[in-house]
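Undergrad: Got a file for you: work.csv, CSV, C-alpha atoms.
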```csv
chain,number,residue,atom,x,y,z
A,1,MET,CA,-28.3,7.7,-50.3
A,2,GLY,CA,-31.0,5.1,-49.9
A,3,THR,CA,-34.6,6.2,-49.8
A,4,VAL,CA,-37.2,5.4,-47.1
A,5,PRO,CA,-40.9,4.9,-47.2
A,6,ASP,CA,-43.1,8.0,-46.5
A,7,ASN,CA,-44.3,6.6,-43.2
A,8,ALA,CA,-41.0,5.3,-42.0
A,9,ASP,CA,-40.1,6.3,-38.4
A,10,ILE,CA,-36.6,7.7,-39.1
A,11,VAL,CA,-34.6,10.6,-37.9
A,12,VAL,CA,-33.4,13.2,-40.4
A,13,PRO,CA,-29.6,13.6,-40.0
A,14,PRO,CA,-28.1,17.0,-39.2
A,15,ALA,CA,-27.1,19.3,-42.0
A,16,SER,CA,-23.4,19.0,-41.3
A,17,ARG,CA,-21.2,17.1,-43.7
A,18,LEU,CA,-18.6,16.3,-41.1
A,19,SER,CA,-18.6,12.9,-39.5
A,20,VAL,CA,-16.2,11.3,-37.1
A,21,GLY,CA,-14.5,7.9,-36.7
A,22,ALA,CA,-15.4,5.9,-33.6
A,23,PRO,CA,-12.8,5.2,-31.0
A,24,THR,CA,-11.6,1.6,-30.3
A,25,GLU,CA,-11.7,2.0,-26.5
A,26,THR,CA,-14.8,0.2,-25.2
A,27,ASP,CA,-15.5,2.6,-22.4
A,28,MET,CA,-15.2,5.6,-24.6
A,29,LEU,CA,-17.8,4.5,-27.3
A,30,VAL,CA,-20.9,5.9,-25.6
A,31,PRO,CA,-19.6,9.2,-24.4
A,32,PHE,CA,-17.8,9.8,-27.7
A,33,ALA,CA,-20.9,9.0,-29.8
A,34,GLN,CA,-23.2,11.1,-27.7
A,35,SER,CA,-20.8,14.0,-27.7
A,36,ALA,CA,-20.5,13.8,-31.5
A,37,GLU,CA,-24.3,14.0,-31.7
A,38,ARG,CA,-24.4,16.9,-29.4
A,39,LEU,CA,-21.8,18.8,-31.4
A,40,GLY,CA,-23.8,18.4,-34.6
A,41,PHE,CA,-21.7,15.9,-36.5
A,42,ALA,CA,-23.6,14.0,-39.3
A,43,GLY,CA,-22.4,10.5,-38.5
A,44,ILE,CA,-20.0,8.1,-36.8
A,45,TRP,CA,-18.0,5.4,-38.6
A,46,THR,CA,-16.5,2.1,-37.5
A,47,GLN,CA,-14.0,-0.1,-39.3
A,48,ASP,CA,-13.8,-3.8,-40.3
A,49,THR,CA,-10.9,-6.1,-39.6
A,50,VAL,CA,-10.2,-9.8,-38.8
A,51,HIS,CA,-6.7,-9.5,-37.4
A,52,SER,CA,-4.8,-6.5,-36.1
A,53,GLY,CA,-1.8,-5.7,-34.0
A,54,ASN,CA,-4.0,-3.3,-32.0
A,55,PHE,CA,-7.1,-3.9,-30.0
A,56,SER,CA,-10.3,-3.5,-32.0
A,57,LEU,CA,-14.0,-4.4,-31.7
A,58,ASP,CA,-16.2,-5.8,-34.5
A,59,GLY,CA,-17.4,-2.8,-36.4
A,60,LEU,CA,-20.9,-4.1,-37.0
A,61,HIS,CA,-21.5,-4.9,-33.4
A,62,VAL,CA,-20.3,-1.5,-32.4
A,63,LEU,CA,-22.8,0.1,-34.8
A,64,SER,CA,-25.6,-1.9,-33.2
A,65,TYR,CA,-24.4,-0.7,-29.8
A,66,LEU,CA,-24.3,2.9,-30.9
A,67,ALA,CA,-27.7,2.7,-32.5
A,68,ALA,CA,-29.2,2.3,-29.0
A,69,VAL,CA,-27.5,5.3,-27.5
A,70,THR,CA,-27.8,7.9,-30.3
A,71,GLU,CA,-30.8,9.4,-32.1
A,72,ARG,CA,-29.6,11.4,-35.1
A,73,LEU,CA,-26.1,10.3,-36.1
A,74,ARG,CA,-25.8,8.2,-39.3
A,75,LEU,CA,-24.0,5.0,-38.6
A,76,GLY,CA,-21.3,3.9,-41.1
A,77,ILE,CA,-18.8,1.1,-41.5
A,78,GLY,CA,-15.8,1.5,-43.8
A,79,VAL,CA,-15.1,-0.8,-45.2
A,80,LEU,CA,-16.5,-4.4,-45.1
A,81,TYR,CA,-14.2,-6.6,-47.3
A,82,SER,CA,-15.6,-8.8,-50.0
A,83,GLY,CA,-15.5,-12.5,-49.1
A,84,ARG,CA,-15.1,-12.2,-45.4
A,85,ARG,CA,-18.9,-12.7,-44.8
A,86,ASN,CA,-21.4,-14.6,-46.9
A,87,PRO,CA,-23.5,-11.8,-48.6
A,88,ALA,CA,-26.8,-13.3,-47.4
A,89,VAL,CA,-25.6,-13.3,-43.8
A,90,GLN,CA,-24.1,-9.8,-44.2
A,91,ALA,CA,-27.4,-8.6,-45.7
A,92,ARG,CA,-29.3,-9.8,-42.7
A,93,GLU,CA,-26.8,-8.2,-40.3
A,94,LEU,CA,-26.9,-4.9,-42.1
A,95,ALA,CA,-30.7,-4.9,-42.3
A,96,THR,CA,-30.9,-5.5,-38.6
A,97,ILE,CA,-28.7,-2.5,-37.9
A,98,ASP,CA,-30.8,-0.4,-40.2
A,99,GLN,CA,-33.9,-1.5,-38.3
A,100,LEU,CA,-32.3,-0.8,-34.9
A,101,SER,CA,-31.2,2.6,-36.0
A,102,ARG,CA,-34.5,3.5,-37.8
A,103,GLY,CA,-32.8,3.9,-41.1
A,104,ARG,CA,-29.5,5.5,-40.3
A,105,LEU,CA,-27.0,3.0,-41.8
A,106,THR,CA,-24.4,3.6,-44.5
A,107,VAL,CA,-22.5,0.6,-45.8
A,108,GLY,CA,-18.9,0.8,-46.9
A,109,LEU,CA,-17.5,-2.1,-49.0
A,110,GLY,CA,-14.2,-2.9,-50.7
A,111,VAL,CA,-12.0,-5.7,-51.9
A,112,GLY,CA,-9.4,-5.3,-49.1
A,113,ASN,CA,-5.6,-5.3,-49.2
A,114,ASP,CA,-3.6,-8.2,-50.7
A,115,TYR,CA,-1.5,-8.6,-47.5
A,116,HIS,CA,-4.6,-9.7,-45.5
A,117,ARG,CA,-5.4,-12.6,-47.9
A,118,PRO,CA,-2.9,-15.3,-46.7
A,119,THR,CA,-4.2,-15.0,-43.1
A,120,LEU,CA,-7.8,-15.0,-44.3
A,121,ALA,CA,-7.2,-18.1,-46.5
A,122,ALA,CA,-5.6,-19.9,-43.5
A,123,LEU,CA,-8.8,-19.2,-41.6
A,124,GLY,CA,-10.9,-20.8,-44.3
A,125,ILE,CA,-12.2,-17.5,-45.7
A,126,PRO,CA,-12.5,-17.3,-49.5
A,127,THR,CA,-9.9,-15.0,-51.0
A,128,ASP,CA,-10.1,-15.9,-54.7
A,129,ARG,CA,-11.8,-13.5,-57.2
A,130,PRO,CA,-12.3,-10.6,-54.7
A,131,VAL,CA,-13.7,-8.2,-57.4
A,132,ARG,CA,-16.3,-10.8,-58.5
A,133,ARG,CA,-17.2,-11.4,-54.8
A,134,LEU,CA,-17.6,-7.7,-54.3
A,135,VAL,CA,-19.8,-7.2,-57.3
A,136,GLU,CA,-22.0,-10.2,-56.8
A,137,GLY,CA,-22.1,-9.7,-53.1
A,138,ILE,CA,-23.7,-6.3,-53.7
A,139,ASP,CA,-26.2,-7.7,-56.1
A,140,VAL,CA,-27.1,-10.5,-53.7
A,141,MET,CA,-27.7,-8.1,-50.8
A,142,ARG,CA,-29.7,-5.7,-52.9
A,143,ALA,CA,-31.9,-8.6,-54.1
A,144,LEU,CA,-32.5,-9.9,-50.6
A,145,TRP,CA,-33.2,-6.4,-49.3
A,146,SER,CA,-35.7,-5.4,-52.1
A,147,GLN,CA,-37.4,-8.6,-53.2
A,148,THR,CA,-40.0,-10.5,-51.2
A,149,GLU,CA,-39.0,-13.8,-52.9
A,150,ALA,CA,-35.4,-13.0,-53.9
A,151,ALA,CA,-33.7,-14.5,-56.9
A,152,TYR,CA,-30.2,-14.1,-58.3
A,153,ASP,CA,-28.2,-15.9,-61.0
A,154,GLY,CA,-24.4,-15.2,-60.9
A,155,GLU,CA,-21.1,-17.0,-61.3
A,156,LEU,CA,-20.6,-17.4,-57.5
A,157,TYR,CA,-24.2,-17.2,-56.2
A,158,SER,CA,-27.4,-18.5,-57.7
A,159,PHE,CA,-30.7,-18.9,-55.9
A,160,SER,CA,-34.4,-18.2,-56.1
A,161,GLY,CA,-37.4,-18.1,-53.8
A,162,ILE,CA,-35.3,-16.8,-50.8
A,163,ARG,CA,-37.0,-14.6,-48.3
A,164,SER,CA,-34.7,-12.5,-46.0
A,165,GLN,CA,-35.8,-10.9,-42.8
A,166,PRO,CA,-35.7,-8.2,-41.5
A,167,GLU,CA,-36.2,-5.8,-44.4
A,168,PRO,CA,-34.1,-2.7,-44.0
A,169,VAL,CA,-35.9,0.5,-43.2
A,170,GLN,CA,-34.2,2.4,-46.0
A,171,ARG,CA,-35.7,1.3,-49.4
A,172,PRO,CA,-34.6,-0.3,-51.5
A,173,GLY,CA,-31.7,-0.7,-49.1
A,174,PRO,CA,-29.0,1.2,-47.2
A,175,PRO,CA,-26.6,3.3,-49.4
A,176,ILE,CA,-23.5,1.5,-50.4
A,177,TRP,CA,-20.2,3.4,-50.7
A,178,ILE,CA,-17.2,1.6,-52.2
A,179,GLY,CA,-13.6,2.1,-50.9
A,180,ALA,CA,-11.3,2.2,-53.9
A,181,ARG,CA,-8.0,3.7,-55.2
A,182,ALA,CA,-7.1,2.3,-58.6
A,183,GLU,CA,-8.8,3.7,-61.7
A,184,PRO,CA,-10.7,0.5,-62.6
A,185,ALA,CA,-12.1,0.3,-59.1
A,186,LEU,CA,-13.0,3.9,-59.0
A,187,ARG,CA,-14.9,3.6,-62.3
A,188,ARG,CA,-16.6,0.4,-61.0
A,189,ALA,CA,-17.8,2.3,-57.9
A,190,VAL,CA,-19.4,4.9,-60.1
A,191,ARG,CA,-21.2,2.1,-62.1
A,192,ILE,CA,-22.5,0.0,-59.2
A,193,ALA,CA,-22.5,2.0,-55.9
A,194,ASP,CA,-24.2,4.9,-54.3
A,195,GLY,CA,-20.9,6.6,-53.4
A,196,TRP,CA,-17.1,6.4,-53.0
A,197,THR,CA,-15.1,6.7,-49.8
A,198,GLY,CA,-11.4,7.6,-49.8
A,199,ALA,CA,-9.2,6.0,-47.2
A,200,GLY,CA,-7.5,7.9,-44.4
A,201,PRO,CA,-4.0,6.8,-45.3
A,202,VAL,CA,-4.2,8.3,-48.7
A,203,ALA,CA,-2.5,11.7,-49.1
A,204,THR,CA,-4.7,14.6,-50.1
A,205,GLU,CA,-2.9,15.1,-53.4
A,206,ASP,CA,-3.4,11.4,-54.3
A,207,PHE,CA,-7.1,11.6,-53.3
A,208,LEU,CA,-7.7,14.6,-55.5
A,209,ASP,CA,-6.2,12.7,-58.4
A,210,GLN,CA,-8.6,9.9,-57.7
A,211,LEU,CA,-11.5,12.3,-57.4
A,212,LYS,CA,-10.8,13.6,-60.9
A,213,ILE,CA,-11.2,10.0,-62.2
A,214,VAL,CA,-14.5,9.6,-60.3
A,215,GLN,CA,-15.8,12.9,-61.7
A,216,GLN,CA,-14.8,11.9,-65.2
A,217,ALA,CA,-16.4,8.5,-64.7
A,218,LEU,CA,-19.7,10.2,-63.6
A,219,ALA,CA,-19.7,12.2,-66.8
A,220,ASP,CA,-18.8,9.2,-68.9
A,221,GLU,CA,-21.7,7.2,-67.4
A,222,GLY,CA,-24.1,10.1,-67.7
A,223,ARG,CA,-24.7,10.0,-64.0
A,224,ASP,CA,-25.9,12.9,-62.0
A,225,PRO,CA,-23.2,13.7,-59.4
A,226,ALA,CA,-26.0,14.5,-57.0
A,227,THR,CA,-26.9,10.8,-56.9
A,228,PHE,CA,-23.4,9.7,-55.9
A,229,THR,CA,-21.7,10.6,-52.6
A,230,VAL,CA,-18.0,11.3,-52.3
A,231,SER,CA,-16.4,11.0,-48.9
A,232,LYS,CA,-12.9,11.0,-47.5
A,233,SER,CA,-11.5,9.9,-44.1
A,234,VAL,CA,-9.1,12.4,-42.6
A,235,TYR,CA,-6.7,12.0,-39.7
A,236,LEU,CA,-7.0,15.4,-37.9
A,237,ALA,CA,-5.4,17.1,-34.9
A,238,VAL,CA,-6.5,20.5,-33.7
A,239,GLU,CA,-3.9,22.2,-31.5
A,240,ASP,CA,-2.7,25.8,-30.8
A,241,SER,CA,0.3,25.2,-33.0
A,242,VAL,CA,1.4,22.9,-35.9
A,243,GLU,CA,4.4,21.7,-33.8
A,244,THR,CA,2.3,20.7,-30.8
A,245,ALA,CA,0.0,18.7,-33.1
A,246,ARG,CA,3.0,17.1,-34.8
A,247,ARG,CA,4.5,16.0,-31.5
A,248,HIS,CA,1.3,14.1,-30.7
A,249,LEU,CA,0.7,12.7,-34.1
A,250,ILE,CA,4.1,11.1,-34.8
A,251,PRO,CA,3.9,8.6,-31.9
A,252,SER,CA,0.2,8.0,-32.5
A,253,PHE,CA,0.8,6.9,-36.1
A,254,GLU,CA,3.7,4.7,-34.9
A,255,ARG,CA,1.3,3.0,-32.5
A,256,ALA,CA,-1.4,2.5,-35.1
A,257,TYR,CA,0.7,1.7,-38.1
A,258,GLY,CA,4.1,0.6,-36.9
A,259,GLY,CA,5.1,-2.6,-38.7
A,260,ASN,CA,2.3,-2.3,-41.3
A,261,PRO,CA,3.5,-3.8,-44.6
A,262,VAL,CA,1.7,-1.2,-46.7
A,263,TYR,CA,2.0,2.1,-44.8
A,264,ASN,CA,5.1,3.8,-43.5
A,265,ALA,CA,4.2,5.1,-40.1
A,266,ALA,CA,7.3,7.4,-40.0
A,267,ASP,CA,6.0,9.7,-42.7
A,268,MET,CA,2.2,9.5,-42.2
A,269,THR,CA,2.0,12.6,-40.1
A,270,GLU,CA,3.3,14.9,-42.9
A,271,ARG,CA,1.8,12.8,-45.7
A,272,VAL,CA,-1.8,12.2,-44.8
A,273,ALA,CA,-2.8,14.2,-41.7
A,274,ILE,CA,-4.3,17.7,-41.4
A,275,PHE,CA,-3.1,19.4,-38.2
A,276,GLY,CA,-2.5,22.6,-36.5
A,277,PRO,CA,-4.7,25.6,-35.4
A,278,LEU,CA,-8.5,25.5,-36.0
A,279,ASP,CA,-8.5,28.1,-38.8
A,280,HIS,CA,-5.7,26.2,-40.6
A,281,CYS,CA,-7.6,22.9,-40.3
A,282,ALA,CA,-10.8,24.5,-41.4
A,283,GLN,CA,-9.1,25.9,-44.5
A,284,ARG,CA,-7.6,22.6,-45.5
A,285,LEU,CA,-10.9,20.7,-45.0
A,286,GLY,CA,-12.7,23.4,-46.9
A,287,GLU,CA,-10.4,22.9,-49.8
A,288,LEU,CA,-11.6,19.3,-50.0
A,289,PHE,CA,-15.2,20.4,-50.0
A,290,ASP,CA,-14.5,22.9,-52.7
A,291,ALA,CA,-12.9,20.1,-54.8
A,292,GLY,CA,-16.2,18.2,-54.7
A,293,VAL,CA,-16.2,16.1,-51.5
A,294,ASP,CA,-19.7,15.7,-49.9
A,295,GLU,CA,-18.7,14.3,-46.5
A,296,LEU,CA,-15.5,14.2,-44.5
A,297,ILE,CA,-14.9,11.6,-41.7
A,298,LEU,CA,-12.6,13.0,-39.1
A,299,TYR,CA,-10.4,10.6,-37.1
A,300,PRO,CA,-8.7,11.8,-33.9
A,301,MET,CA,-5.5,9.9,-33.2
A,302,TYR,CA,-5.1,10.8,-29.5
A,303,ASP,CA,-6.9,12.4,-26.6
A,304,ARG,CA,-10.1,11.5,-28.5
A,305,LEU,CA,-12.7,13.1,-26.4
A,306,ALA,CA,-10.8,16.4,-26.1
A,307,GLN,CA,-10.0,16.3,-29.8
A,308,LEU,CA,-13.7,15.6,-30.6
A,309,GLU,CA,-14.6,18.8,-28.7
A,310,ALA,CA,-12.1,20.7,-30.7
A,311,PHE,CA,-13.4,19.2,-33.9
A,312,GLY,CA,-16.8,20.3,-33.0
A,313,GLU,CA,-15.8,23.9,-33.6
A,314,LEU,CA,-15.4,23.0,-37.3
A,315,VAL,CA,-19.0,22.1,-37.7
A,316,PRO,CA,-20.3,25.7,-37.8
A,317,ALA,CA,-17.0,26.9,-39.3
A,318,LEU,CA,-17.5,24.7,-42.4
A,319,ASP,CA,-21.3,24.9,-42.7
A,320,GLY,CA,-22.0,25.4,-46.4
A,321,ALA,CA,-18.3,25.0,-47.5
A,322,GLY,CA,-18.1,24.1,-51.1
A,323,ARG,CA,-21.8,24.3,-51.7
A,324,SER,CA,-22.9,25.8,-55.0
```
Turn this file's structure into structure tokens for me.

TA:
Amino acid sequence: MGTVPDNADIVVPPASRLSVGAPTETDMLVPFAQSAERLGFAGIWTQDTVHSGNFSLDGLHVLSYLAAVTERLRLGIGVLYSGRRNPAVQARELATIDQLSRGRLTVGLGVGNDYHRPTLAALGIPTDRPVRRLVEGIDVMRALWSQTEAAYDGELYSFSGIRSQPEPVQRPGPPIWIGARAEPALRRAVRIADGWTGAGPVATEDFLDQLKIVQQALADEGRDPATFTVSKSVYLAVEDSVETARRHLIPSFERAYGGNPVYNAADMTERVAIFGPLDHCAQRLGELFDAGVDELILYPMYDRLAQLEAFGELVPALDGAGRS
């Protein structure tokens, strides 16, 4: 996680390692975020997209909005895709959110999915060399955040004597977590980022296999695991019974992912979600902490405010889970 100056006016986040995903409904944002803060969650996360079959708001603007109505929650976006925004413009946008939130921002970055690229290209957004754009984009942002007169010499970006304002509150900049699945990308995250965030549509078994790669990469790089955050987004439903939760989740996944070219909505409930009574959900989430996860980002798929209240009972139930 990024560091802050000793005299920075920031708010220390709560001890919980459970965060939540923000709703997409405009009128629900403020009550949801304020309830999450009251319930003791560590943070709230938004997502980034350019085109979608479902209504969505720009994730960065939502974080700016939530910064004004919360005091302690960390604010995260998972993930910004390389190439969609010029890294200098993105650096300024992110530093602004870090200022508005008094140092509460976490930045998720990734190369994105292949199926997005034809649409992005049609809109004039660069889609070539996504990995190089990711790596150099991070370097550019860190240079602009940390240097008074920033300089950088890369294959895609080269400049000197550039001053970017505002500076982020967190120094040398907000923590950067990379979204990745393939082994080369996971190892790259260990080399260049402050953390790795696993996607919600990834099944637990697949995520645990990916986590083993990350843990081996940390050892290979000689990197202290305490300096690298591991997180996972989880679709969660807390109900009195497994069957009640399943009945709610199946149509919810169909609404969210029906027609998606990558994910099969029909099997997502059984494949990627955790659902059922509170103690069952706490056990399954605790297993992820025991495996080495530092933070879980919980996404309700329906009845979001009611589900958030149910999720809140997990905060004390999982306090200290997986800690040595």

Undergrad: Which residue gives the smallest distance to A:Tyr235 among A:Ser56, A:Ser19, A:Ser101, A:Thr119, with only C-alpha atoms counted?

TA: A:Ser19

Undergrad: State, in Å with one decimal place, the distance from atom CA of A:Pro23 to atom CA of A:Ile77.

TA: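 Computing it gives 12.8 Å between the two atoms.
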
Undergrad: Give me, as a ChimeraX atom specification, all polymer residues having an atom no more than 10 Å from stretch 212-219 of chain A, counting all atoms listed in the file and skipping those fewer than 4 positions away in the same chain.

TA: /A:181-191,195-196,207-208,223-225,227-228,230,291-292

Undergrad: Grab the atom CA of A:Phe41 to atom CA of A:Gly173 distance for me, in Å with one decimal place.

TA: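 Computed distance, atom CA of A:Phe41 to atom CA of A:Gly173, equals 23.1 Å.
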
Undergrad: Show which residues sit within 10 Å of A:Val69, as number ranges by chain. Count only C-alpha atoms, and ignore same-chain residues fewer than 2 positions away.

TA: A: 29-31, 33-34, 64-67, 71-72, 101

Undergrad: Taking only C-alpha atoms into account, name the residue in A:Glu270, A:Asp139, A:Asp290, A:Asp114 that is nearest to A:Pro201.

TA: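 Smallest distance to A:Pro201 is found for A:Glu270.
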
Undergrad: Using only C-alpha atoms for the distances, tell me which of A:Ile192, A:Val89, A:Val234, A:Ile44 is nearest to A:Leu109.

TA: A:Ile192

Undergrad: Go through A:Val238, A:Ala143, A:Tyr263, A:Leu134 one by one, measure the shortest atom-to-atom distance of each to A:Phe159 using all atoms listed in the file, and give the residue with the smallest value.

TA: A:Ala143

Undergrad: With only C-alpha atoms as the atoms that count, which of A:Ile274, A:Ile297, A:Gly259, A:Thr148 lies nearest to A:Leu75?

TA: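 Nearest candidate to A:Leu75 out of A:Ile274, A:Ile297, A:Gly259, A:Thr148: A:Ile297.
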
Undergrad: When you look at A:His280 with a cut-off of 10 Å (counting only C-alpha atoms), what residues show up, excluding the ones that are within fewer than 4 positions of it in the same chain? I need them as a compact mmCIF listing (two decimals) with C-alpha atoms, in the coordinates of the input.

TA:
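Output file result.txt follows:
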```
# COMPACT_ATOMS: atom_id res chain seq x y z
CA VAL A 238 -6.50 20.50 -33.70
CA SER A 241 0.30 25.20 -33.00
CA VAL A 242 1.40 22.90 -35.90
CA ILE A 274 -4.30 17.70 -41.40
CA PHE A 275 -3.10 19.40 -38.20
CA GLY A 276 -2.50 22.60 -36.50
CA ARG A 284 -7.60 22.60 -45.50
CA LEU A 285 -10.90 20.70 -45.00
CA GLY A 286 -12.70 23.40 -46.90
```

Undergrad: So how far away is atom CA of A:Pro166 from atom CA of A:Thr96, in Å?

TA: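 Atom-to-atom, atom CA of A:Thr96 to atom CA of A:Pro166, that is 6.2 Å.
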
Undergrad: Considering only C-alpha atoms, state which residue in the set A:Gln307, A:Thr26, A:Asn113, A:Thr106 is at the smallest distance from A:Gly78.

TA: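 Ranking A:Gln307, A:Thr26, A:Asn113, A:Thr106 by distance to A:Gly78, first place goes to A:Thr106.
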